[in-house]
Each structure stands twice: as C-alpha cells, then as structure tokens.
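**Q** So that we are looking at the same thing, I have put the structure below in structure tokens.
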Amino acid sequence: MKSNHASPIAASMYSWARDLFPFCRSLTGPGVRMTLRYIQGLLPGFVIHEIPSNTQAFDWSIPDEWVIRDAFVADDSGRRIVDFQKNNLHVVGYSEPVDQWIELDELDKHLYSLPDQPDAIPYVTSYYQRRWGFCLTQNQRNLLRPGQYHAVIDSDLKPGVLNYGELILPGKSKDEILLSTYICHPSMANNELSGPVVTTALAQWLMSYPDRHYTYRIVFVPETIGSIAYLSRHLDHLKRHVMAGFNITCIGDDRCYSYLPSRAGDTLSDRAALHVLKHTDSNFKRYSWLDRGSDERQYCAPGVDLPIATIMRSKYGEYPEYHTSMDDLSVVTPQGLEGGYKAIKRALMAIEQNKVYRVSVTCEPQLGKRNLYPTLNSKIGYYDDARSLMNLISYCDGNNDLLKIADLIAKPIWELKPLVEKLVKHNLLLTI
Amino acid sequence: MKSNHASPIAASMYSWARDLFPFCRSLTGPGVRMTLRYIQGLLPGFVIHEIPSNTQAFDWSIPDEWVIRDAFVADDSGRRIVDFQKNNLHVVGYSEPVDQWIELDELDKHLYSLPDQPDAIPYVTSYYQRRWGFCLTQNQRNLLRPGQYHAVIDSDLKPGVLNYGELILPGKSKDEILLSTYICHPSMANNELSGPVVTTALAQWLMSYPDRHYTYRIVFVPETIGSIAYLSRHLDHLKRHVMAGFNITCIGDDRCYSYLPSRAGDTLSDRAALHVLKHTDSNFKRYSWLDRGSDERQYCAPGVDLPIATIMRSKYGEYPEYHTSMDDLSVVTPQGLEGGYKAIKRALMAIEQNKVYRVSVTCEPQLGKRNLYPTLNSKIGYYDDARSLMNLISYCDGNNDLLKIADLIAKPIWELKPLVEKLVKHNLLLTI
Amino acid sequence: MKSNHASPIAASMYSWARDLFPFCRSLTGPGVRMTLRYIQGLLPGFVIHEIPSNTQAFDWSIPDEWVIRDAFVADDSGRRIVDFQKNNLHVVGYSEPVDQWIELDELDKHLYSLPDQPDAIPYVTSYYQRRWGFCLTQNQRNLLRPGQYHAVIDSDLKPGVLNYGELILPGKSKDEILLSTYICHPSMANNELSGPVVTTALAQWLMSYPDRHYTYRIVFVPETIGSIAYLSRHLDHLKRHVMAGFNITCIGDDRCYSYLPSRAGDTLSDRAALHVLKHTDSNFKRYSWLDRGSDERQYCAPGVDLPIATIMRSKYGEYPEYHTSMDDLSVVTPQGLEGGYKAIKRALMAIEQNKVYRVSVTCEPQLGKRNLYPTLNSKIGYYDDARSLMNLISYCDGNNDLLKIADLIAKPIWELKPLVEKLVKHNLLLTI
C-alpha cells in the first residue's frame, strides 16, 4: 500500500482524499456541501457560505442547483450498462432529468467516450446549456448493439444555492495571503481532491504557526463561478489587502513540480514559488500565463490583478489521466501530496520571512570578536558558514528583501533563516 | 517570363519598374523629373517640388543640377568602346564635361571597374567634388591597348533645382506615418527602382484604405541631400506629428527579408516591422543601426529622431549585384516586389490597428452565453479560437497595445483583428 | 632573466618589487613603515599617516603594533629547523612572544603546513586572537622527530600605531578617483607586492598626465582594518566626491586578466573595467561579488557604496601559489606587471575621456567638404575610419557617454579618442 511509509501529515491527507473521493461534487448541490462539512470537521472556524441561484456575479449568474440521485443506461433486459452508482463520472455534470426508451442511434448522440483512452471514462459537464448525457469508456461503447435502451437520469435542476467554504486566520498584520482551492470535481484525485486536502493540511499548519505576520484567507470554492462570485463579494477588500497567494490544484502526484505564473509574472507569489521550486527540484516545469486554466484566470484578470501564482505537481491538461476516471487514488500518492504540501508551505514561510534588513554598522562588522568568524586567517580551512554570513550581511542594505538576497547568494531562504536570527541576536541586522 | 503568374499588383509594379529602368536618374536633373512625372501619373495629388541649387539645408548645400546628354570613350578609329547610350552606368555620376584625346595611361586614371566582378559595370558618383570618369567592366578594361582615346562627356553642371515628390493622404488624425523612398539611382533595379514602385503601390492602396486613422506623408527624394533638404523644410512639423514610418529601399528581390532598426530601436515602427517579419519569414535577417546606409541616417539623426525603421528584401551592400549593372530586372521579380509590398502593407495595417483595449467586465466574461465559447466542457474537443479569444481578453487591461498582445500570445496581429472586432461588437472590449 | 626585454616601466616595477620583497610587512610595524618610506621616495607628495592602537574605527579597533625581530624552532642540538631569518612567512603573523623548550607533540599544536603543497610555507595570521605559531613546509614537518624543541619568537605586541600612505593629485574637478592598494603582506609577490608597485607606477603616470580632469586619491593601507580606518576618517567626503576607483591587487602575473565587480555592479568603474578587459583579452575571467575578498568588501559595503571595481591578473584564491611562499618573484613578471598596469591605466584614461558629446548640426554633417570622408562614392574602396566617424557622430546625441558609444560601435574607447578630437576641432561635436 502506497501510504505505508508516509509521514503523519501525508497519511492524513491521503486518508482525507480516500474519504472524499466517492462524493459526487459539482458546481452546486449535496456533494459540495458534504465535502465542505467534512473539511469543517478538520478546521475549526471554517464557515460554509451560500449564494442563491440567479444572483448576479459580474458578467455571470449563479446557476441552478444540481441534485443527482441516480443515472443509468439499461438494455432491454433491464441490465445497467452504464451506471452512475458504479462511478459518478458516468453522468454528464449538470444533466437535466431524463427517463426514456430510445434507439441506439438516438442514445449515441448523448454518449461521450475517449477513443484514444479506451479504458477511461471522460469527465464532461454542461453547466450553462441544458443537456443530458452519459460518459463511458470506449470499450463499453464498442459493445453497444442496435436496439432499445432505457436512459434514466434522476436529477433536479432548480433554484437553490451555491456553497463555498472560508477560513480566516488573523495575523499580526491586516495584509493577507489568499489560498484558494476548488471543490467542484466528482471522483478525481489529482485534479482535484489533491487541492482541498493539501489546502486543509496547510490550514492546520498555519493555525499552529507561531506569530503569523499575515492574515490568511483560505477559500474552497467551485472553480470559475465560485471564484468569480467570491471576488464579486470581496473585490475591494482583496485588492487592498492581498499581498500574495496561491491557487492550489493538481498537487498530489509525484511525477514533477510545476509553476504557473500570475498574469503580472513578477509578484511576491511568483518570486516565492520560483525560489522554492528552484531549490526543491531543479527540473520543475515552468509554464506561462498562456497555459493557465484554473482560478488564476479570475484572480489575475485585468482590473482584479491579485498576486496569485500556482505551484503544482503534474499540471491539469498535461498528464494522461487528467479529467478521466483514471485520475484516481493511484495517481495521487502520500509522497506526492506531501511534496506538494511542503513546497507550498515553504513558499508561505518564505513570504513570512521575507523582510528587509539593514546592517547596523558601517563597513563589515568584526565577526571574529563575536565568535562568528575564525580568528586564524589561512587558506588551510574554509568556512562556508562564515562566508554565507558575510554574503548575507553584504546584501542587507535596506533595499534588498530576503528572497532577493537568497537568490543573489544562491541559497534557499530557509538556510538563511538561522543566519538572520544569529545576526539579529547580535544586533548586527536591523529590520526596516 | 518571371511575371507570368504574378498577381495584378505584382504585375503593375514590375511593369512600372520596366518603364522607369532606362531613365538616367541622379541627385538632380531631367531623369529625376521624368521619374517623378511618371509616378505623378499613377498617384493623383502627387506634387513635384523643387529647391534651387545653393540653397542651404542644415550642414549641406543643394548642388548644381547635372544634365547628361551623352558620354563615350572612342578609340582612334572612332569606335565607341565605352558608351553611355548602351548603359547609363558607364558615366561617373555628376561628371563634368570633357572632350579630349588622351593616352591610355592618362585615361586610365578616370576609369572604374571591378576586378572581382569582371562582367559588372560599377556604379560610381562624385557629387561634391568635380571629376569626370567612366565606369566599365573589367573585361572591357582588359582589352584596352596603349594609344590615343577620345573621351567625351556631354554634360552640364550649373545652378538649377533639386526635385522631389510628395503625396499627403489625410487621415482622421493629424498624427502622421512617413514613407520615404529615393529616386536618384540610374538603371539599377533592387537598389533602387524597387523602392519607388513599391511605395507607389502602397500609396495607391492607402488611397483606398477605408477610414485611415493616420495621415500619410509619402516622399520621393534623392537620397541623403534630398532627405536632409526635406527635413530642413519640415523638421518641427515632422517631430510633432510623425508616429511611425519606413524608409523604403531594396524591396524587390525574393531572396530574403531584412530589417534595419531606427536609431532608438524600439519605436512603433520597429515593433511593427519585427512583428510582421517574424510572422512572414522566421529566417528574416536582422541588422543593426551600425549597418545603416540610407535615409534613416537623416531621419534618425540625433535631434531629428523620427521613428523610421526599414523593411527590406536583400539589403544594400549585402547582395553581389549591389551598385553594379548586374542589379537589373532579373534580380527584382514580381514575386519579390509583392512580398516586400505585402510586408510593408502589413506593418502599416498593424500600426493602424494598434489600439489599446480594456475588457469591459470584471473577471472573465461569460463567453458561452454569447456563443463565443463551447457550452460543453470536456477534453474531447479543443477550441483554438476560443483559446485565442480568452488570451486576447486576458491581456486587454488598458495598458497593453494590440501589437504587444499579439507578441505575448504569439499570433500575428492580422489574426487578432477579427477576434477584436467580434469582442467590440459584443461590447466586451472598450477602446482606451 | 625575465625582465631582460621589459619596457622601462616594467623594469622599474619589477625592481621595486625586488627591493620590497624581503620586508616583513603586517598590519602594523616596522615592515609597513619601511615599505611606505620606500614608496615615498618614488612619489613626491606622498604622506605617511599613523593611527594610534585602540582607536575605534566603526565596529573595529586599531590593534596593537606588532614588532617581530626573530623567530625559530631549534632542535636539542641548537640547530634552527624553522627559521624566520630564512623566510618571514615562517612565523604566524601577530605571534605573541615565546621562548620555551617543548616536546614535539606540544609544538605540533603551533605548526601550520600544507599537506597538498608539501614544498610551500603557508601564510597564516592571527591578528585579533593572541597566539603564537610557526609555518613550515609539509616536507620540513615530516622530518620532525619526537624530542625537545626550542621555540623562540622575539616579538612585541603593544600599543603603537597603524600606518598608511596617501597621495592626493588634484585635478580640474573636485570629483575624485580613488585608487587603493594594500601593504600588509610579508614576502609574497602577486598577492600583494604587485599591488603597491603597480599603484606606484600609476601614480607616477598620473602626476604627468596633462590636464587631469579628476582629482586622484591614492591610498596604501593594510587590508581590511586599514580601509575601514581610512573610511572612518573620510566617509562623508568620499561618498560626496568619489566618482570611480579601483582596488589594486593581484596584478603582477601574466596568466590571465580578471574582473571583480563593485557591489552595485554597474558603476562607472565597472563599465570602464569591462570595456578595457573586453578589448585587452577576450578570455578575461569575470568574477561575481560573491567572489570578493579584498578591500572592495569595505568600499562597497552597504551604506558606504563607493564605485570601486577590481581589475586583476590571477585573482587571489584562484592560483596555486596564493598565500604561500611559492607566490614569489617568479610568479610575478615584468610583462605581467606591465599588462596589469596598462589595463588599469586604460581604465583610468577611459574614465577621463568619458564625456558626453552632442553633434552640432542637424542631420549628418557633410564630412566630405572637411576632407573627413571620401568624395567618390563607390563600392570599390571601403573606408573603415570614415565609417567609425559616422557611427560615432550618430550616437553623439547628448545622452550617451563615450564609454557607451564605444560599446555600441564595438571599438575600444582609445581608438575613438583621435576621432573625437578631430570632430571637436571641426566644431562638429560639442561637450555637454
């Protein structure tokens, strides 16, 4: 079993993913609420909000709520050939109700499969255009023979609410870090269960983070309409207060690390993400804004322009199992989740630690008299730590922030932390 | 015949070139006037100006007018060995009159040939130093035997006028685009007949261009002294109004495309030229300001600093036939002229279209409800057009102009035009 | 003999190095004073300053003065096994006095050698921690047998003075160029005798430099404590007046050229250094601020930020003889010294010549009428000088300084000098 040797946090994340996997999430409906309530159980202070259908959100309108109870295609013997009870991907998301006997050629217009991935059920939705349909493997589809089929979708599509979750963790500053993840995908693991479970683990860690400088705003929304609705409620506040943040998605497999920039490309979030990934895995994949596809589309839209970047493992659209039934709990691993969790955690710590310092003395301080430098000068020994200390001091000019210095001296910011603390203790560095 | 399959515009340009090829152009004189009158016949509103000799133009003075009627070197039998009637390159441009019998060794001081191109008559001028001379092929020269020769140049060099042509096409704005080409070279085709004929074709096209935003100022001047004189008459106006422009030269062969920057290197003209050439021929040759050699030397001089770049086919000085009798109508082709014409036309259209837009809604607009985006979400189909539409919208932030966006999303600006029009029609883009 | 074919300046520098080599320099003491007095003999106006021990200099304090008269380790037969009289590197710099018979295992704690360079005596100091010790070759050390040894260091360590030398050469401007070198190393040649001797030669040249624009401040200080002390006395003045400068060290071998930037990296000094080295030896080694190790650490410290760069031959720490007895007068050569001298001289001349010019006429000047350009236009001859002249003029726009122009047109600034002078003489260039 993959989680055998996992760390406690990895094991927790993986077990949450296992619990949440079967829920049939969508933009709205019971599956989303069950998911949010599960997370609420893990995060004290977590609030579940609702927005009524038809509420306007910028150019969009909150859609009707979708309730799906059952769906199947049965043959004339009554045998279920495609069965929502076996996999909730079998029904097209937001399918309207149907209950009719039809010929295969008529049914066929409502079927979706992937000829190139004959074992995979594709993930298909039709949120804003009334449709009904079934998704099935190409192999299943190939077995269908002409005849009568019973197509049944037992769903409701009527005014209700759109739900989202929100957790605010106040810090010393009113400046905020925004973490956003989405909870609208049915049973798929990397995209998207990895997002909510890693975000939940990060929220637990942040709750216990001593002396948080920033206030953390952590939201679990349905993708696109959820982030648009959230922005429509909070835009002015967010534009004033959000200093950095990440959209958390596709963060659970262990094949690679990926970075997708904010629209601006050079925000604090981008700098932290690039710094962390450079020192985590030099082969990380660097995407461009043109490769975007998740809620950064809203958070970084013109006029919104929040500093939101994305750290991922295998990016949506770039791995074979993406948006199919094959994106299951074998794609996501405890190690993959833990790697993603650690990378974002490091980025958040980098942002917390990213202060501007100024050396308190003119010229180099005499480190030797403080036992921070060897008193014997020779080429016999070489003192890498003392060298890093000197490099750090030489860049603490009241202008460079610590992330910039870490890049200048080619050390991860987490290795500079103890050096900074030592120098602050000796009153050699002052905070600007 | 090379023009067999040429488009109408290519055929027109090539036929104008054929008509103009025999005229003996120089800085001044009848050949220039005949050329300008020919172009006047093609361009209603075209004005031929004259500036008297000895008029001061900044550091320069308009030279005397040169009239050349005949020139030859004959042997003692009266046989013309070098004959201006056969090729007007045989006389050094601006040669003073001469009529004398001289020995070969004396004659030789007045002869110019190219040992490395023994079949080519070189193009030589001496505008500001009185001289007389003949240009001939090295093969001709090798045949000369000691003896008496009759050197005759039937020319005038006396106060007259310098002529240039000018066409102003008013647009909605007083901001101007400047097109400049030169009409001072005798029978050579790529440098320079290609320049005037492509410029004439562009002027015809601009006359019919609907709703020109810019006013177009199109000038046909002798090189160097002509552009200096033109600037001396219009400098303040040009500095205030010219937003972009091109010097049009060496635009008729079909071997390559070339770009030579303005002195500043990053003007609107440079951006348009680079954008067009990148999407026209990825192997285009990129020269530097140090490689300059035509009227950009004046238009971009310190203190003048007009935004003038150059789009060429094979650049002056860089192809073997340059400045010899071999630069004839076999070097320039209808296809070559048409390619050059299209490239500059595209650059001018790019400049016309280069507006700044702002998306009218906050967050992404809902394109689906406007039938601009598929309503079914799946990985089955891929919608490149919808993707380009989204990319375009994401950069329309009221700061980026369309050329910059086209570069950011790696599409030629002419492919963005229909998308912009669609979005403007749906009130999703506003002009800044 | 290596100096056989050396130029007079190279021979002088090499002979000064030979004279100064045996002196036992340190941070303080008679060796430093002898060295400074020797240089004073070569440089009229050279002033030797002193600062009393225990004077505070920023975070540092001037140490006691060290006087070393003799030092040896003798065996029980009285034979000197390690002998300061043979090489003054044999005693650890700033050793406190000792005179005792000890067993080998006790002595061994006070011995320093280099296992990887068994023939080299290492250079070791302990300025700020009281110690005594001997440096010897690994081969010497291997011969030591158990037994009693007589360790004698006849030194004083008591309040005295720290000395440094200073020469001010006034120029037309109060703006200053700072040259700094150090005089604290005992018998080693590239690091550091090359520094003082090249600096002395540069000072002699500067004395005779006609119409110096800048005032030159030339200091000979012990490294680190000396530059810190000097800065503590002159910081405000230096920050106001120093426009450029160089730390002069490791400038005497002939293996390569090296460049180490200022902390800012783009000062006038950096630009001059890079320009000169690029045109002197395209294989020059380019180091980063992280490779620093000499007095640029003080001159470029945060809050000091003087524009001090370093031009070297083989950089300290990067050649095998560094900080050992093998860095002797066979490492440094007359040719090596001369190359280093010329490179820094060229950088200083570049800074002197680095004015901003503006062409006095609009459009290109007519160079032909001034005999600065050929009057015959043809492709037969090619006029590189005229071309450079035109390129130079085209960039003299009142913004670019001459160093920038030299880089733009890819010519060394010293080749532009005669062209500038010619154009100034013809009133075509004006100084801004």
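By convention in this document, the chains of the structure tokens carry letters A, B, ... by their order, each chain's residues are numbered from 1, and ligands are numbered from 1 in the order they are shown.
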Could you pull the residues within 8 Å of Leu337 of chain C, counting only C-alpha atoms, minus those fewer than 3 positions along the same chain, as a list in words?

**A** Ala10, Met13, Tyr14, Ser194, Val198, Ile251, Gly252, Asp253, Asp254, Val332, Thr333, Pro334, Gly340 and Tyr341 of chain C

**Q** For segment 70-80 of chain A, find every residue with an atom within 12 Å (counting only C-alpha atoms), except residues of its own chain fewer than 5 positions away, and show them as JSON, numbers by chain.

**A** {"A": [24, 85, 86, 87, 88, 89, 90, 91, 92, 93, 94, 95, 96, 97, 98, 99, 100, 101, 102, 103, 104, 107, 108, 110, 111, 132, 133, 134, 135, 136, 140, 141, 143, 144, 145, 146, 147, 148, 149, 150, 151, 152, 153, 154, 155, 156]}

**Q** With distances taken over only C-alpha atoms, which of A:Leu430, A:Ala272, A:Ile311, A:Met390 is nearest to chain C?

**A** A:Met390

**Q** Using only C-alpha atoms, which chain C residues lie at most 8 Å away from chain B, written as a CSV table (one decimal) with C-alpha atoms, in the first residue's frame?

**A**
```
chain,number,residue,atom,x,y,z
C,358,ARG,CA,26.3,66.3,-28.9
C,359,VAL,CA,26.7,66.7,-32.7
C,361,VAL,CA,24.5,70.1,-36.7
C,362,THR,CA,21.1,68.7,-37.6
C,363,CYS,CA,21.2,65.5,-39.8
C,364,GLU,CA,24.6,64.2,-40.7
C,365,PRO,CA,27.3,66.7,-41.2
C,366,GLN,CA,28.8,66.9,-44.6
C,368,GLY,CA,33.4,65.3,-47.5
C,369,LYS,CA,33.8,69.1,-47.6
C,375,THR,CA,34.3,62.4,-52.2
C,376,LEU,CA,33.9,59.4,-54.6
C,377,ASN,CA,31.0,57.1,-53.8
C,378,SER,CA,31.6,53.6,-55.0
C,379,LYS,CA,31.8,50.1,-53.6
C,380,ILE,CA,35.4,49.8,-54.7
C,391,ASN,CA,28.9,55.8,-36.2
C,394,SER,CA,25.3,59.1,-34.9
C,395,TYR,CA,25.4,58.3,-31.2
C,396,CYS,CA,26.6,61.7,-30.0
C,397,ASP,CA,23.1,62.8,-29.1
C,409,ILE,CA,30.1,50.6,-32.0
```

**Q** Mind pulling up the distance from atom CA of Gly398 of chain B to atom CA of Pro307 of chain A?

**A** 18.2 Å

**Q** I need the residues in segment 60-225 of chain B that are strand (DSSP E) according to DSSP; give them as a PyMOL selection string.

**A** chain B and resi 60-61+65-75+80-83+98-103+111-112+134-135+148-158+161-169+176-182+215-221

**Q** Might you pull out every residue within 6 Å of segment 170-187 of chain C, with only C-alpha atoms counted and same-chain residues fewer than 6 positions away left off, and present them as a list of chain:residue names?

**A** C:Phe21, C:Pro22, C:Cys24, C:Arg25, C:Ser26, C:Leu27, C:Gly195, C:Pro196, C:Arg212, C:His213, C:Tyr214, C:Thr215, C:Tyr216, C:Arg217, C:Ile218, C:Val219, C:Phe220, C:Val221, C:Pro222, C:Glu223, C:His241, C:Val242, C:Met243, C:Ala244, C:Gly245, C:Phe246, C:Asn247, C:Ile248

**Q** Residues of the last selection are to be written out with N, CA, C and O atoms, as a CSV table (one decimal), in the first residue's frame.

**A**
```csv
chain,number,residue,atom,x,y,z
C,21,PHE,N,60.5,43.0,-1.6
C,21,PHE,CA,60.1,41.6,-1.3
C,21,PHE,C,60.5,41.2,0.1
C,21,PHE,O,59.7,40.6,0.8
C,22,PRO,N,61.7,41.5,0.5
C,22,PRO,CA,62.2,40.9,1.8
C,22,PRO,C,61.5,41.5,3.1
C,22,PRO,O,61.6,40.9,4.1
C,24,CYS,N,59.3,42.4,6.1
C,24,CYS,CA,58.3,41.7,6.8
C,24,CYS,C,57.1,42.6,7.1
C,24,CYS,O,57.0,43.1,8.2
C,25,ARG,N,56.2,42.8,6.2
C,25,ARG,CA,55.1,43.6,6.4
C,25,ARG,C,54.0,42.8,7.2
C,25,ARG,O,54.0,41.6,7.2
C,26,SER,N,53.2,43.6,7.9
C,26,SER,CA,52.0,43.0,8.6
C,26,SER,C,51.0,44.2,8.7
C,26,SER,O,51.1,45.2,8.0
C,27,LEU,N,50.0,44.0,9.5
C,27,LEU,CA,49.0,45.1,9.6
C,27,LEU,C,49.7,46.4,10.1
C,27,LEU,O,49.3,47.5,9.7
C,195,GLY,N,50.5,44.8,-6.2
C,195,GLY,CA,49.5,46.0,-5.9
C,195,GLY,C,50.2,47.3,-5.7
C,195,GLY,O,50.0,48.2,-6.4
C,196,PRO,N,51.1,47.3,-4.6
C,196,PRO,CA,51.8,48.6,-4.4
C,196,PRO,C,52.7,49.1,-5.6
C,196,PRO,O,52.7,50.3,-5.9
C,212,ARG,N,44.6,66.7,-15.9
C,212,ARG,CA,43.8,65.8,-15.2
C,212,ARG,C,42.4,66.4,-15.0
C,212,ARG,O,42.3,67.4,-14.3
C,213,HIS,N,41.3,65.7,-15.4
C,213,HIS,CA,40.0,66.2,-15.0
C,213,HIS,C,39.8,65.9,-13.5
C,213,HIS,O,39.4,66.8,-12.8
C,214,TYR,N,40.0,64.7,-13.2
C,214,TYR,CA,39.7,64.3,-11.8
C,214,TYR,C,40.8,64.5,-10.8
C,214,TYR,O,42.0,64.5,-11.2
C,215,THR,N,40.5,64.6,-9.6
C,215,THR,CA,41.4,64.6,-8.5
C,215,THR,C,41.6,63.1,-8.2
C,215,THR,O,40.6,62.3,-8.1
C,216,TYR,N,42.9,62.7,-8.0
C,216,TYR,CA,43.2,61.3,-7.7
C,216,TYR,C,43.6,61.2,-6.2
C,216,TYR,O,44.5,61.9,-5.7
C,217,ARG,N,42.9,60.2,-5.6
C,217,ARG,CA,43.2,59.9,-4.2
C,217,ARG,C,43.8,58.5,-4.2
C,217,ARG,O,43.1,57.5,-4.5
C,218,ILE,N,45.0,58.4,-3.8
C,218,ILE,CA,45.7,57.1,-3.9
C,218,ILE,C,46.2,56.7,-2.5
C,218,ILE,O,47.0,57.4,-1.9
C,219,VAL,N,45.7,55.5,-2.0
C,219,VAL,CA,46.0,55.1,-0.7
C,219,VAL,C,46.6,53.7,-0.6
C,219,VAL,O,46.3,52.9,-1.4
C,220,PHE,N,47.6,53.6,0.3
C,220,PHE,CA,48.3,52.4,0.5
C,220,PHE,C,48.0,52.0,2.0
C,220,PHE,O,48.5,52.7,2.9
C,221,VAL,N,47.1,51.1,2.2
C,221,VAL,CA,46.6,50.8,3.6
C,221,VAL,C,46.8,49.3,3.9
C,221,VAL,O,46.9,48.5,2.9
C,222,PRO,N,46.9,48.9,5.1
C,222,PRO,CA,46.8,47.5,5.4
C,222,PRO,C,45.4,47.0,5.1
C,222,PRO,O,44.4,47.8,5.3
C,223,GLU,N,45.2,45.8,4.6
C,223,GLU,CA,43.9,45.3,4.2
C,223,GLU,C,42.9,45.3,5.3
C,223,GLU,O,43.3,45.1,6.5
C,241,HIS,N,32.4,62.7,-3.2
C,241,HIS,CA,33.3,63.1,-4.3
C,241,HIS,C,33.8,61.9,-5.2
C,241,HIS,O,34.2,62.2,-6.3
C,242,VAL,N,33.8,60.7,-4.6
C,242,VAL,CA,34.4,59.6,-5.5
C,242,VAL,C,33.5,59.2,-6.6
C,242,VAL,O,32.4,58.7,-6.3
C,243,MET,N,33.9,59.3,-7.8
C,243,MET,CA,33.1,59.0,-9.0
C,243,MET,C,33.4,57.6,-9.5
C,243,MET,O,32.6,57.0,-10.2
C,244,ALA,N,34.6,57.2,-9.2
C,244,ALA,CA,35.1,55.8,-9.7
C,244,ALA,C,36.3,55.5,-8.9
C,244,ALA,O,36.9,56.3,-8.2
C,245,GLY,N,36.8,54.2,-9.1
C,245,GLY,CA,38.0,53.8,-8.4
C,245,GLY,C,38.2,52.4,-8.5
C,245,GLY,O,37.4,51.6,-8.9
C,246,PHE,N,39.4,52.0,-8.1
C,246,PHE,CA,39.8,50.6,-8.2
C,246,PHE,C,40.6,50.2,-7.0
C,246,PHE,O,41.4,50.9,-6.5
C,247,ASN,N,40.3,48.9,-6.5
C,247,ASN,CA,41.2,48.3,-5.6
C,247,ASN,C,42.2,47.6,-6.4
C,247,ASN,O,41.9,46.8,-7.3
C,248,ILE,N,43.5,47.8,-6.1
C,248,ILE,CA,44.6,47.3,-6.9
C,248,ILE,C,45.3,46.1,-6.2
C,248,ILE,O,46.0,46.4,-5.2
```

**Q** Which residues, written as a PyMOL selection string, have at least one atom at most 12 Å from Glu415 of chain A, with only C-alpha atoms counted and residues fewer than 6 positions away on the same chain left out?

**A** chain A and resi 276+279+346+350+353+385+388-389+392+402-403+405-407+409+421

**Q** Ranking C:Pro261, C:Pro418, C:Pro210, C:Pro30 by minimum distance to Ile308 of chain C and counting only C-alpha atoms, which one comes first?

**A**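 Checking each candidate against Ile308 of chain C, we get C:Pro261 as the closest.
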
**Q** Using only C-alpha atoms, which residue out of C:Gln117, C:Ala264, C:Asp270, C:Ser314 lies closest to Phe284 of chain C?

**A** C:Ser314

**Q** What is the distance between atom CA of Gly336 of chain C and atom CA of Gly265 of chain C, in Å to one decimal?

**A**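 Atom-to-atom, atom CA of Gly336 of chain C to atom CA of Gly265 of chain C, that is 25.9 Å.
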
**Q** Give me, please, the distance in Å between atom CA of Ser269 of chain A and atom CA of Met312 of chain A, quoted to one decimal.

**A** 13.5 Å
